[in-house]
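One structure is given below, encoded as structure tokens.
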Amino acid sequence: MFATCWIIVSLLWSWLFLVAVGRLADQPTVAYITITFAFLVITIISAVIFTVAIWYLRRSYQNKPNWTWLLQATVIWALAEALIAWLVAFVWIGRNGSIDNILPFSSLTPFIMYTPLKFLSRFTGYYGLSAVVVIGIAGLWLKKVRKYVAYYWLVVTLLAIGSWWLYRTPTGTTEQITIVAETLEHKAPVDASGSKLVVLPEYGLDDFNQSKPATRFKPQTDNYYFVGSKQTSVTKGLTNELLFGSKDNGITSKQQKTRLIPGGEYLSFGVEIALRLFSKTTYTDFQVRREVVRGIKPIQPFYIDQNLIIGSEVCSSIMTPRDYRQLTQKGSTVLANSASLEIFEGSRLFAWQHRGLANFMAVANARPFLQSTNHWPAFALDYDGNVVATVQPVGSRDVNIQTNTKKTPYTYLGEWVVILGGVYISVLLIRKIFEKLKQLYILRKNSSK
């Protein structure tokens, strides 16, 4: 059982070996050793938790094989996936890390987002969606609950249709926005003619000069807004700020990036100690070229007008559904991400997962999602996760998107399926503890007679 789980998880994480290790460290051999170690830790943790979850579900299936088992299994599987996503990030915690970082690539949700079941995410959330599908498929092979699976899938299908139908008509306006795909070496001036907003990639404003905006934008008379990030060297490492502004007023808002990638933007304590002991030059190189100082204040939406409120993040928040859910809660009518994905070198598996995560942000919150990138295709999704446009580097494109103000159950409730699984397991553990205490009390009472 463990071997099967490990093989499946290993396939989901196999893109780790395709990253450009030369960009992570000055010594590729050290980088490959570090990546291999990280891969083993991540996949072993994931496989162990999945194995324990399957063992428990098998045991409960033998004891109580009825329709309630399907519900019990769904919340437990969602809890297992959430625990894995948090734990595989937590083991890499470092000085600039965050305790609420997650790495949700052991889940099937990014792939399910390519199917009509994606609309169910508006009700179930990220881990709940994967759990519903996994348990629904598993139930087809389990004789004792197979007769209930048809009803299970009927309810799932009705919920998916209802989640689409309730949000089939957006409540906002149609806005023209420009998305950009470029490279770190080639940043052509962007033509913002006719657009209200330009979404630039990560580091897209590194060379921006308020006195000479033509270095970043082509001259035009109409006002426009822009959002992107700027990287600045500090005493130790770098800062990465999300910037917002307009042609007429220049940069009007700055917010420091808060969500960092372990191994890409900060080092875990264990890896840091190992590098300082055995490869000091690699550690120094990472500090100078890669380490980012984490901001402490949550990113807030940028207000353009009552119809266009942009919930924008930088790069790694694409794998943290909570960030975009909170931006939607705060009133964002459009979601965006500015990323630099050069280290992935076109990995197809990562591309599927990355787009699947973007689909989730769009569909689960019923908001259009805009992605501008370095060394990667930029794209725009509507509030149903449909592709509106794709742009290959180097280029830009104007897209018409419809904003939305309706909030979904997921936006309000978050990962309620996971919470339900946590409550269920907690009740079971408390009951076990009380039973043990009761047995001890009876034993002591009988021995004292």
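Every chain in the structure tokens has a letter given in the order shown (A, B, ...), and although residue numbers restart at 1 in each chain, ligands are simply numbered from 1 in the order shown.
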Using only C-alpha atoms, what does the table of range 121-237 of chain A residues within 7 Å of range 103-111 of chain A look like, with each row giving the shortest atom pair and its distance in Å to one decimal, sorted by chain and ascending number, as a Markdown table?
| residue | atom | partner | partner_atom | distance |
| --- | --- | --- | --- | --- |
| A:Tyr126 | CA | A:Thr109 | CA | 6.4 |
| A:Leu129 | CA | A:Thr109 | CA | 6.4 |
| A:Ser130 | CA | A:Thr109 | CA | 5.0 |
Open item on the list: Set the distance at 12 Å and use only C-alpha atoms: which residues neighbour Pro170 in chain A once local chain neighbours fewer than 2 positions away are removed? I'd like the list as a list in words.
Closed with: Trp164, Trp165, Leu166, Tyr167, Arg168, Gly172, Thr173, Thr174, Asn307, Thr333, Val334, Asn365, Ala366, Arg367, Pro368, Asp382, Tyr383, Asp384, Ile401, Gln402, Thr403, Asn404, Thr405, Lys406 and Lys407 of chain A
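Nearest residue to Ala378 in chain A among A:Leu341, A:Thr51, A:Leu357, A:Val91 is A:Leu341, counting only C-alpha atoms.
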Task: Shell of 12 Å around Ser372 in chain A, only C-alpha atoms, local chain residues under 3 positions omitted, as JSON, numbers by chain - done: {"A": [177, 178, 179, 180, 181, 182, 183, 198, 199, 200, 201, 202, 203, 204, 226, 227, 228, 229, 312, 313, 314, 315, 318, 335, 336, 337, 338, 339, 340, 341, 358, 369, 375, 376, 377, 378, 379, 380, 381, 389, 390, 391, 392, 393, 394, 395, 396, 397]}
Open item on the list: Need the shell around range 238-243 of chain A: protein/DNA/RNA residues with any atom at most 7 Å away, counting only C-alpha atoms. Skip same-chain ones fewer than 6 positions apart. Format as number ranges by chain?
Closed with: A: 227-232, 251, 253-257, 291-293, 314
What lies within 6 Å of range 41-43 of chain A using only C-alpha atoms, ignoring chain neighbours under 6 positions off, as an mmCIF file with C-alpha atoms, in the first residue's frame?
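Output file part15.cif follows:
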data_model
loop_
_atom_site.group_PDB
_atom_site.id
_atom_site.type_symbol
_atom_site.label_atom_id
_atom_site.label_comp_id
_atom_site.auth_asym_id
_atom_site.auth_seq_id
_atom_site.Cartn_x
_atom_site.Cartn_y
_atom_site.Cartn_z
ATOM 1 C CA VAL A 9 2.937 10.919 -5.253
ATOM 2 C CA SER A 10 6.368 10.617 -6.890
ATOM 3 C CA VAL A 88 5.521 19.002 3.427
#
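Computed from the coordinates, the CA of Gly356 in chain A to CA of Leu420 in chain A distance equals 24.8 Å.
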